[in-house]
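The structure under discussion appears below in the form of structure tokens.
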Amino acid sequence: MKLPFVHNTLATIVAIGLIVIATVALSFVNYYYTVGRENLVENSLVQSNIKLALHYVDRIEQKILDNDRILLEMVDVDNPAGWPAMVDAIRKADLNVDQVYFLRPDSNYPLYPEYSYEIRNEWGRFRANFKVNELDIGNLLPNQPHHLHKERPDNYFFVTYVLRHTMDGSPILVCYQMNFDRIVSLLDKHLRDLQDRFYVSIVDFENNGVFGQPISRSSKYFFEARFPTTIYKWILQIVPRNYTELEQMEKSQRLTNLVFVVLSMSTIFFSLAVIYVAWRRDRQLIQLKENFISNVSHELKTPLSLIRMFSEILMTGRVKNEAKKLEYYRILNNESDRMSRLINNLLDFANLVRGIEHKHFERTNIAQLVTKSLEAYRHEMQKEGFQLNLTVTDDIPDSFSDPNAITMALFNLLDNSVKYSTDRKQIDVRVARNNGFIELSVTDWGIGIPASEQQKIFDQFYRGSEPSVRRIRGSGIGLSITRHVAGMHGGEVLVESEPGRGSTFILRIPVQEPPEDRRQKDEASLEAMPANRNGC
Ligand code: ADP
């Protein structure tokens with residue numbers, strides 16, 4: 001199936017945009033889904049804590065109400081003579097009662113225990129908290145336990161009271177005053193198993209600890225519940241013993257989720273960026289190749305039409321003037337030379353692209369090689385008005401390199417210097433030794449290269465973007481061949497240039513000893529070794 005739109009820039013950008021949007025949406029959905037699930041787990045944990053606390057409140061409340069029923073049954077209001085024995089039995093039973101008062105609702109003194117000097121203080125304290133006129137006696141359901149729970153500055157006051165009627169219909173309030181310590185031990189007994197997994201406390205409305213220390217309300221796992229009808233001034237508080245771990249776990253889980261989302265998003269964005277860069281480079285290469293084809297065809301066409309034109313003129317035999325003929329021959333020669341150089345370059349480049357390298361490494365003296373090559377080139381350049389200067393430092397050693405490749409790189413550099421020179425037609429070639437390298441540099445005073453292009457010019461097919469470059473014929477492969485030549489020798493090509501001031505290209509080749517020299521040296525050192533050993 002053909003998908004022509006994939007080459008379309010807009011289609012590619014839209015596709016990348018869609019992937020970005022989908023990734024962001026997916027990541028957020030995933031994040032919120034996970035966070036939502038975590039919240040659900042937390043909520044169910046909190047809910048189960050609430051249930052548990054309410055269950056314990058209910059249990060304690062139920063226990064007090066059960067006790068109330070027993071207390072109710074242990075009293076017979078129609079038998080005043082038996083009240084002392086009944087009260088005694090109640091006190092002895094495990095029902096948390098300190099004292100029982102039998103009252104007439106309209107009297108200031110108890111029916112039992114009979115008011116006396118001994119009970120004066122105790123009765124006074126009781127009356128101070130249990131104010132009959134504050135109770136809605138008229139609406140009080142008879143034979144039903146009711147509760148009065150109060151905070152006192154030094155203590156708590158807890159009474160269960162019941163409205164009873166004697167046979168003759170007189171109302172009697174039976175008040176069971178509870179013992180604080182025994183109520184606390186009842187709480188302790190009923191809350192003990194809860195304390196294995198929870199911090200448990202009972203506080204009053206002022207947050208004073210009645211049972212255990214008050215618990216901080218800051219944790220989300222904290223829960224408190226009131227006792228609805230009995231000890232209604234008190235509040236049960238619970239929080240799981242491992243609440244800090246739970247909170248920590250929750251925090252780290254959130255962080256892990258976030259990190260995961262951020263990581264996966266950045267991975268996708270990074271991959272997209274890589275794809276985008278690769279796609280852009282691909283497009284640039286396609287563009288460069290297209291330019292290359294048109295440049296090369298142009299480069300071949302121009303000399304070819306000149307050759308055809310001048311050879312046709314010569315073939316007609318109409319040119320009689322010998323000087324003119326010579327000039328035409330020279331043009332034919334130059335143009336065919338230019339063509340063959342271009343074709344050679346193309347062939348070398350084709351080999352380079354296909355990875356075929358015909359390395360012919362041999363003992364080479366680069367200084368001599370350059371001197372000889374320039375001898376042949378100098379005449380041609382002088383004719384074009386160029387001054388060619390060669391400087392060679394005299395300590396250039398022989399090295400193991402490919403002379404043809406180096407000549408090719410040199411001619412590419414010289415060719416460029418000629419092409420891109422302006423008024424000052426001077427080219428300086430220098431061969432020198434520098435830190436284990438032989439440096440072959442070619443300098444001109446031509447148009448120069450902008451800093452932004454100084455790296456790109458070594459890429460295949462790349463041609464300078466300036467109009468001054470575009471006007472000059474070229475194929476964009478000369479410097480990439482030069483760089484390849486440097487690379488196959490383990491060296492590099494550098495450029496120093498300033499627009500309008502000229503350029504210097506430096507081909508740096510590491511000095512490599514020819515193998516026969518190395519062998520000779522090895523043999524010499526082997527011969528020297530036994531003597532040394534003997535010497536030791
Ligand atoms: P071509 O010269 O055929 O364009 P090259 O690969 O030889 O291809 O060079 C690549 C680019 O480098 C040129 O298009 C030009 O912009 C720049 N360049 C190379 N040599 C010089 C020079 N001596 N002076 C100025 N610009 C140069």
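Each chain of the structure tokens is named A, B, ... in the order shown, its residues numbered from 1; ligands are numbered from 1 in display order.
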*With a distance cut-off of 9 Å and only C-alpha atoms, select the neighbouring residues of A:Thr407, excluding the residue or stretch itself and same-chain residues fewer than 6 positions from it, and output the selection as a list in words.*
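With the cut-off at 9 Å, the set is Leu369, Val370 and Ser373 of chain A.
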*Produce as a list in words the set of residues near ligand 1, where near means within 6 Å with only C-alpha atoms and all ligand atoms considered.*
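Listed by chain and ascending number, the contacts are Asn416, Ser417, Tyr420, Gly446, Ile447, Gly448, Ile449, Ile457, Tyr462, Arg463, Gly464, Val469, Gly474, Ser475, Gly476, Ile477, Gly478, Leu479, Ser480 and Ser503 of chain A.
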With all heavy atoms retained, write the just-selected residues as a compact mmCIF listing (two decimals), in the first residue's frame.
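Saved to part.txt:
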# COMPACT_ATOMS: atom_id res chain seq x y z
N ASN A 416 39.48 24.12 -4.15
CA ASN A 416 38.57 25.01 -3.42
C ASN A 416 39.19 26.39 -3.26
O ASN A 416 38.52 27.41 -3.43
CB ASN A 416 38.25 24.44 -2.04
CG ASN A 416 37.19 23.35 -2.12
OD1 ASN A 416 36.57 23.18 -3.15
ND2 ASN A 416 37.02 22.61 -1.04
N SER A 417 40.50 26.42 -2.91
CA SER A 417 41.16 27.72 -2.71
C SER A 417 41.09 28.55 -3.99
O SER A 417 40.87 29.76 -3.94
CB SER A 417 42.62 27.52 -2.32
OG SER A 417 42.67 26.93 -1.06
N TYR A 420 37.29 29.61 -4.54
CA TYR A 420 36.68 30.58 -3.63
C TYR A 420 37.58 31.79 -3.34
O TYR A 420 37.33 32.55 -2.41
CB TYR A 420 36.28 29.88 -2.32
CG TYR A 420 35.29 28.76 -2.58
CD1 TYR A 420 35.62 27.43 -2.39
CD2 TYR A 420 34.01 29.06 -3.06
CE1 TYR A 420 34.71 26.42 -2.66
CE2 TYR A 420 33.10 28.06 -3.32
CZ TYR A 420 33.46 26.73 -3.13
OH TYR A 420 32.55 25.74 -3.41
N GLY A 446 40.37 34.21 0.22
CA GLY A 446 39.12 34.30 -0.53
C GLY A 446 37.92 34.71 0.32
O GLY A 446 38.06 35.45 1.31
N ILE A 447 36.76 34.16 -0.03
CA ILE A 447 35.50 34.62 0.58
C ILE A 447 35.33 34.19 2.05
O ILE A 447 34.54 34.77 2.77
CB ILE A 447 34.28 34.10 -0.23
CG1 ILE A 447 34.27 32.57 -0.30
CG2 ILE A 447 34.23 34.72 -1.61
CD1 ILE A 447 33.01 31.99 -0.91
N GLY A 448 36.08 33.18 2.45
CA GLY A 448 35.96 32.71 3.85
C GLY A 448 34.65 31.95 4.10
O GLY A 448 33.79 31.85 3.22
N ILE A 449 34.54 31.43 5.31
CA ILE A 449 33.36 30.59 5.64
C ILE A 449 32.76 31.09 6.96
O ILE A 449 33.48 31.24 7.95
CB ILE A 449 33.79 29.11 5.80
CG1 ILE A 449 34.49 28.65 4.53
CG2 ILE A 449 32.60 28.21 6.11
CD1 ILE A 449 35.39 27.46 4.74
N ILE A 457 30.37 21.99 6.40
CA ILE A 457 30.98 21.88 5.06
C ILE A 457 31.66 20.54 4.82
O ILE A 457 31.89 20.17 3.68
CB ILE A 457 32.00 23.03 4.82
CG1 ILE A 457 33.00 23.09 5.97
CG2 ILE A 457 31.30 24.35 4.62
CD1 ILE A 457 34.15 24.05 5.69
N TYR A 462 27.16 18.83 1.07
CA TYR A 462 26.87 20.16 1.61
C TYR A 462 27.60 21.23 0.82
O TYR A 462 28.80 21.13 0.57
CB TYR A 462 27.25 20.24 3.09
CG TYR A 462 26.78 21.54 3.71
CD1 TYR A 462 25.51 21.66 4.22
CD2 TYR A 462 27.61 22.67 3.71
CE1 TYR A 462 25.04 22.87 4.73
CE2 TYR A 462 27.16 23.88 4.21
CZ TYR A 462 25.88 23.97 4.72
OH TYR A 462 25.43 25.18 5.21
N ARG A 463 26.89 22.27 0.43
CA ARG A 463 27.50 23.43 -0.23
C ARG A 463 27.13 24.67 0.58
O ARG A 463 26.04 24.76 1.14
CB ARG A 463 26.96 23.59 -1.65
CG ARG A 463 27.25 22.43 -2.57
CD ARG A 463 27.47 22.88 -4.00
NE ARG A 463 28.68 23.66 -4.14
CZ ARG A 463 28.79 24.75 -4.91
NH1 ARG A 463 27.75 25.19 -5.57
NH2 ARG A 463 29.93 25.41 -4.99
N GLY A 464 28.05 25.62 0.64
CA GLY A 464 27.81 26.84 1.39
C GLY A 464 26.51 27.51 0.94
O GLY A 464 26.11 27.40 -0.22
N VAL A 469 28.94 31.59 -2.85
CA VAL A 469 29.31 30.17 -3.07
C VAL A 469 28.43 29.61 -4.18
O VAL A 469 28.92 28.90 -5.08
CB VAL A 469 29.12 29.36 -1.76
CG1 VAL A 469 29.36 27.88 -2.01
CG2 VAL A 469 30.04 29.86 -0.68
N GLY A 474 30.17 23.61 -8.15
CA GLY A 474 30.70 22.66 -7.17
C GLY A 474 29.69 21.56 -6.93
O GLY A 474 28.51 21.70 -7.29
N SER A 475 30.16 20.46 -6.33
CA SER A 475 29.25 19.32 -6.12
C SER A 475 29.05 19.00 -4.64
O SER A 475 28.21 18.19 -4.28
CB SER A 475 29.82 18.09 -6.82
OG SER A 475 31.15 17.91 -6.38
N GLY A 476 29.85 19.62 -3.77
CA GLY A 476 29.67 19.39 -2.34
C GLY A 476 30.26 18.08 -1.84
O GLY A 476 29.85 17.59 -0.78
N ILE A 477 31.24 17.53 -2.58
CA ILE A 477 31.81 16.27 -2.09
C ILE A 477 33.32 16.37 -1.81
O ILE A 477 33.88 15.48 -1.18
CB ILE A 477 31.55 15.09 -3.07
CG1 ILE A 477 32.08 15.41 -4.46
CG2 ILE A 477 30.07 14.73 -3.11
CD1 ILE A 477 32.02 14.25 -5.41
N GLY A 478 33.93 17.48 -2.26
CA GLY A 478 35.39 17.61 -2.13
C GLY A 478 35.86 17.49 -0.69
O GLY A 478 36.76 16.71 -0.38
N LEU A 479 35.24 18.24 0.22
CA LEU A 479 35.72 18.22 1.61
C LEU A 479 35.36 16.92 2.32
O LEU A 479 36.07 16.49 3.21
CB LEU A 479 35.14 19.41 2.39
CG LEU A 479 35.79 20.77 2.07
CD1 LEU A 479 35.17 21.86 2.93
CD2 LEU A 479 37.29 20.72 2.29
N SER A 480 34.23 16.31 1.88
CA SER A 480 33.90 15.04 2.56
C SER A 480 34.91 13.97 2.15
O SER A 480 35.26 13.10 2.95
CB SER A 480 32.45 14.64 2.29
OG SER A 480 32.33 13.86 1.17
N SER A 503 40.59 31.46 4.15
CA SER A 503 40.45 30.22 4.92
C SER A 503 41.76 29.45 4.93
O SER A 503 42.55 29.53 3.99
CB SER A 503 39.40 29.30 4.30
OG SER A 503 38.28 30.02 3.93
*In Å, with one decimal, what is the gap from atom CA of A:Val77 to atom CA of A:Asp181?*
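If I compute the distance from atom CA of A:Val77 to atom CA of A:Asp181, I get 28.2 Å.
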Close residues, A:Arg59 itself excluded, 12 Å, only C-alpha atoms, min 4 positions apart in chain, as a short mmCIF file (atom, residue, chain, number, x, y, z; two decimals) with N, CA and C atoms, in the first residue's frame:
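Output file result_21.cif is given in full below:
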data_model
loop_
_atom_site.label_atom_id
_atom_site.label_comp_id
_atom_site.auth_asym_id
_atom_site.auth_seq_id
_atom_site.Cartn_x
_atom_site.Cartn_y
_atom_site.Cartn_z
N LEU A 52 -15.09 0.24 63.14
CA LEU A 52 -14.53 -0.41 64.32
C LEU A 52 -14.77 0.44 65.57
N ALA A 53 -14.49 1.76 65.46
CA ALA A 53 -14.67 2.65 66.61
C ALA A 53 -16.13 2.63 67.05
N LEU A 54 -17.05 2.70 66.07
CA LEU A 54 -18.48 2.72 66.41
C LEU A 54 -18.90 1.42 67.06
N HIS A 55 -18.28 0.34 66.59
CA HIS A 55 -18.59 -0.97 67.17
C HIS A 55 -18.20 -1.01 68.66
N LYS A 63 -22.97 -2.47 77.35
CA LYS A 63 -22.59 -3.05 78.64
C LYS A 63 -23.20 -2.23 79.79
N ILE A 64 -23.11 -0.88 79.66
CA ILE A 64 -23.66 -0.01 80.71
C ILE A 64 -25.18 -0.19 80.79
N LEU A 65 -25.82 -0.28 79.62
CA LEU A 65 -27.28 -0.45 79.61
C LEU A 65 -27.69 -1.80 80.20
N ASP A 66 -26.88 -2.84 79.93
CA ASP A 66 -27.15 -4.16 80.51
C ASP A 66 -27.07 -4.08 82.03
N LEU A 186 -13.82 -0.55 83.37
CA LEU A 186 -14.75 -1.18 82.42
C LEU A 186 -14.33 -0.84 80.97
N LEU A 187 -13.96 0.45 80.80
CA LEU A 187 -13.51 0.88 79.46
C LEU A 187 -12.26 0.10 79.07
N LYS A 189 -11.22 -2.77 80.05
CA LYS A 189 -11.53 -4.18 79.75
C LYS A 189 -12.08 -4.32 78.33
N HIS A 190 -12.96 -3.39 77.97
CA HIS A 190 -13.61 -3.53 76.66
C HIS A 190 -12.77 -3.01 75.49
N LEU A 191 -11.77 -2.20 75.83
CA LEU A 191 -10.98 -1.64 74.72
C LEU A 191 -9.64 -2.35 74.55
N PHE A 227 -20.16 8.67 72.88
CA PHE A 227 -21.09 7.67 73.42
C PHE A 227 -22.47 8.33 73.43
N PRO A 228 -23.44 7.78 72.74
CA PRO A 228 -24.67 8.53 72.52
C PRO A 228 -25.53 8.79 73.77
N THR A 230 -25.04 7.13 77.29
CA THR A 230 -24.58 6.84 78.66
C THR A 230 -23.52 7.86 79.08
#
_For A:Met74, the nearest of the candidates A:Val159, A:Leu95, A:Leu272, A:Ala225, counting only C-alpha atoms_ =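 Result for the nearest residue to A:Met74: A:Leu95.
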_Point-to-point distance in Å for atom CA of A:Leu300 and atom CA of A:Ser340_ = 9.6 Å
*So which residues touch stretch 127-137 of chain A within 12 Å, counting only C-alpha atoms, skipping near sequence neighbours fewer than 3 positions away, as a ChimeraX atom specification?*
/A:101,103-110,119-124,140-142,146-153,155-164,171-177
*asked:* One number please: atom CA of A:Asn404 to atom CA of A:His484, in Å, one decimal.
replied: 13.1 Å
Just list the residues in stretch 231-272 of chain A DSSP gives alpha helix (DSSP H) on the backbone, as an mmCIF file with C-alpha atoms, in the first residue's frame.
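Dumped everything to result.cif:
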data_model
loop_
_atom_site.group_PDB
_atom_site.id
_atom_site.type_symbol
_atom_site.label_atom_id
_atom_site.label_comp_id
_atom_site.auth_asym_id
_atom_site.auth_seq_id
_atom_site.Cartn_x
_atom_site.Cartn_y
_atom_site.Cartn_z
ATOM 1 C CA TYR A 243 -0.468 5.432 60.805
ATOM 2 C CA THR A 244 2.885 7.155 60.124
ATOM 3 C CA GLU A 245 3.955 4.161 58.001
ATOM 4 C CA LEU A 246 0.613 4.222 56.197
ATOM 5 C CA GLU A 247 1.010 7.920 55.455
ATOM 6 C CA GLN A 248 4.618 7.435 54.418
ATOM 7 C CA MET A 249 3.641 4.554 52.170
ATOM 8 C CA GLU A 250 0.906 6.597 50.603
ATOM 9 C CA LYS A 251 3.298 9.487 50.019
ATOM 10 C CA SER A 252 5.971 7.305 48.465
ATOM 11 C CA GLN A 253 3.389 5.523 46.314
ATOM 12 C CA ARG A 254 2.201 8.875 44.980
ATOM 13 C CA LEU A 255 5.764 9.897 44.317
ATOM 14 C CA THR A 256 6.489 6.593 42.554
ATOM 15 C CA ASN A 257 3.430 7.109 40.371
ATOM 16 C CA LEU A 258 4.447 10.615 39.524
ATOM 17 C CA VAL A 259 8.029 9.600 38.771
ATOM 18 C CA PHE A 260 6.744 6.756 36.610
ATOM 19 C CA VAL A 261 4.449 9.066 34.660
ATOM 20 C CA VAL A 262 7.155 11.711 34.241
ATOM 21 C CA LEU A 263 9.711 9.073 33.215
ATOM 22 C CA SER A 264 7.466 7.397 30.668
ATOM 23 C CA MET A 265 6.439 10.774 29.281
ATOM 24 C CA SER A 266 10.037 11.942 28.977
ATOM 25 C CA THR A 267 11.030 8.646 27.339
ATOM 26 C CA ILE A 268 8.297 9.074 24.755
ATOM 27 C CA PHE A 269 9.166 12.729 24.200
ATOM 28 C CA PHE A 270 12.828 11.887 23.917
ATOM 29 C CA SER A 271 12.071 9.136 21.375
ATOM 30 C CA LEU A 272 9.872 11.540 19.435
#
_I need the residue nearest A:Asp337 from this list: A:Asn321, A:Gly209, A:Gln512, A:Glu380. Use only C-alpha atoms for the distance._
A:Glu380
*Residue list (strand (DSSP E), DSSP) for stretch 257-453 of chain A, as an MDAnalysis selection string*: chainID A and resid 362:364 387:392 399:401 426:434 437:444
Let's have the selection written as a PDB file, in the first residue's frame, with C-alpha atoms.
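result_8.pdb was written with the following content:
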ATOM      1  CA  GLU A 362      53.474   2.717   1.561  1.00  0.00           C
ATOM      2  CA  ARG A 363      56.511   4.605   2.763  1.00  0.00           C
ATOM      3  CA  THR A 364      55.716   8.196   1.847  1.00  0.00           C
ATOM      4  CA  GLN A 387      50.764  32.876  -6.802  1.00  0.00           C
ATOM      5  CA  LEU A 388      51.472  29.531  -5.139  1.00  0.00           C
ATOM      6  CA  ASN A 389      53.857  29.502  -2.150  1.00  0.00           C
ATOM      7  CA  LEU A 390      55.142  26.323  -0.563  1.00  0.00           C
ATOM      8  CA  THR A 391      56.815  26.146   2.844  1.00  0.00           C
ATOM      9  CA  VAL A 392      58.203  22.880   4.129  1.00  0.00           C
ATOM     10  CA  SER A 399      55.418   7.951   7.137  1.00  0.00           C
ATOM     11  CA  PHE A 400      53.241   5.005   6.253  1.00  0.00           C
ATOM     12  CA  SER A 401      50.412   6.469   4.179  1.00  0.00           C
ATOM     13  CA  GLN A 426      47.556  33.812  -3.505  1.00  0.00           C
ATOM     14  CA  ILE A 427      47.629  30.299  -2.065  1.00  0.00           C
ATOM     15  CA  ASP A 428      50.074  29.233   0.628  1.00  0.00           C
ATOM     16  CA  VAL A 429      50.783  25.581   1.173  1.00  0.00           C
ATOM     17  CA  ARG A 430      52.700  24.517   4.245  1.00  0.00           C
ATOM     18  CA  VAL A 431      53.948  21.150   5.423  1.00  0.00           C
ATOM     19  CA  ALA A 432      55.121  21.003   9.025  1.00  0.00           C
ATOM     20  CA  ARG A 433      55.538  18.599  11.882  1.00  0.00           C
ATOM     21  CA  ASN A 434      53.543  19.222  15.038  1.00  0.00           C
ATOM     22  CA  PHE A 437      51.378  14.866  13.334  1.00  0.00           C
ATOM     23  CA  ILE A 438      52.322  15.992   9.862  1.00  0.00           C
ATOM     24  CA  GLU A 439      50.199  19.033   9.097  1.00  0.00           C
ATOM     25  CA  LEU A 440      49.465  19.939   5.512  1.00  0.00           C
ATOM     26  CA  SER A 441      47.780  23.332   5.381  1.00  0.00           C
ATOM     27  CA  VAL A 442      46.342  25.255   2.445  1.00  0.00           C
ATOM     28  CA  THR A 443      45.582  28.954   2.936  1.00  0.00           C
ATOM     29  CA  ASP A 444      43.765  31.386   0.696  1.00  0.00           C
TER      30      ASP A 444
END
_I'd like the neighbourhood of A:Tyr329 as a list of chain:residue names, where a residue qualifies if any of its atoms comes within 9 Å (using only C-alpha atoms), though same-chain residues fewer than 5 positions away should be ignored._
A:Phe310, A:Ser311, A:Leu314, A:Lys324, A:Asn334
Residues as selected, all heavy atoms, written as a PDB file, in the first residue's frame, can you do that?
ATOM      1  N   PHE A 310      34.284  23.889 -29.182  1.00  0.00           N
ATOM      2  CA  PHE A 310      35.613  24.197 -29.739  1.00  0.00           C
ATOM      3  C   PHE A 310      36.104  23.085 -30.659  1.00  0.00           C
ATOM      4  O   PHE A 310      36.789  23.352 -31.652  1.00  0.00           O
ATOM      5  CB  PHE A 310      36.604  24.485 -28.608  1.00  0.00           C
ATOM      6  CG  PHE A 310      36.376  25.848 -28.015  1.00  0.00           C
ATOM      7  CD1 PHE A 310      35.737  26.003 -26.804  1.00  0.00           C
ATOM      8  CD2 PHE A 310      36.748  27.000 -28.716  1.00  0.00           C
ATOM      9  CE1 PHE A 310      35.499  27.250 -26.273  1.00  0.00           C
ATOM     10  CE2 PHE A 310      36.500  28.260 -28.185  1.00  0.00           C
ATOM     11  CZ  PHE A 310      35.875  28.382 -26.970  1.00  0.00           C
ATOM     12  N   SER A 311      35.754  21.846 -30.355  1.00  0.00           N
ATOM     13  CA  SER A 311      36.187  20.771 -31.270  1.00  0.00           C
ATOM     14  C   SER A 311      35.464  20.923 -32.608  1.00  0.00           C
ATOM     15  O   SER A 311      36.057  20.712 -33.674  1.00  0.00           O
ATOM     16  CB  SER A 311      35.931  19.397 -30.645  1.00  0.00           C
ATOM     17  OG  SER A 311      34.581  19.275 -30.316  1.00  0.00           O
ATOM     18  N   LEU A 314      37.155  23.643 -34.524  1.00  0.00           N
ATOM     19  CA  LEU A 314      38.440  23.182 -35.065  1.00  0.00           C
ATOM     20  C   LEU A 314      38.222  22.242 -36.243  1.00  0.00           C
ATOM     21  O   LEU A 314      38.972  22.268 -37.228  1.00  0.00           O
ATOM     22  CB  LEU A 314      39.243  22.488 -33.963  1.00  0.00           C
ATOM     23  CG  LEU A 314      39.867  23.442 -32.917  1.00  0.00           C
ATOM     24  CD1 LEU A 314      40.433  22.671 -31.738  1.00  0.00           C
ATOM     25  CD2 LEU A 314      40.963  24.308 -33.549  1.00  0.00           C
ATOM     26  N   LYS A 324      45.265  31.226 -32.256  1.00  0.00           N
ATOM     27  CA  LYS A 324      43.866  30.954 -31.888  1.00  0.00           C
ATOM     28  C   LYS A 324      43.662  29.464 -31.685  1.00  0.00           C
ATOM     29  O   LYS A 324      43.036  29.012 -30.711  1.00  0.00           O
ATOM     30  CB  LYS A 324      42.924  31.435 -33.025  1.00  0.00           C
ATOM     31  CG  LYS A 324      42.303  32.778 -32.770  1.00  0.00           C
ATOM     32  CD  LYS A 324      40.855  32.572 -32.356  1.00  0.00           C
ATOM     33  CE  LYS A 324      40.094  33.800 -31.956  1.00  0.00           C
ATOM     34  NZ  LYS A 324      40.639  34.932 -31.381  1.00  0.00           N
ATOM     35  N   ASN A 334      42.015  21.968 -20.966  1.00  0.00           N
ATOM     36  CA  ASN A 334      41.590  22.367 -19.601  1.00  0.00           C
ATOM     37  C   ASN A 334      40.238  21.775 -19.230  1.00  0.00           C
ATOM     38  O   ASN A 334      40.047  21.252 -18.134  1.00  0.00           O
ATOM     39  CB  ASN A 334      41.464  23.894 -19.519  1.00  0.00           C
ATOM     40  CG  ASN A 334      42.824  24.517 -19.320  1.00  0.00           C
ATOM     41  OD1 ASN A 334      43.805  23.802 -19.137  1.00  0.00           O
ATOM     42  ND2 ASN A 334      42.895  25.835 -19.398  1.00  0.00           N
TER      43      ASN A 334
END
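For the residues A:Leu288, A:Ile235, A:Val485, A:Ile16, ranking by smallest atom-to-atom distance to A:Asp348 using only C-alpha atoms places A:Val485 first.
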*Using only C-alpha atoms, find the one residue out of A:Asp459, A:Glu523, A:Asp196, A:Asp423 that sits nearest to A:Gln284.*
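Nearest to A:Gln284: A:Asp459.
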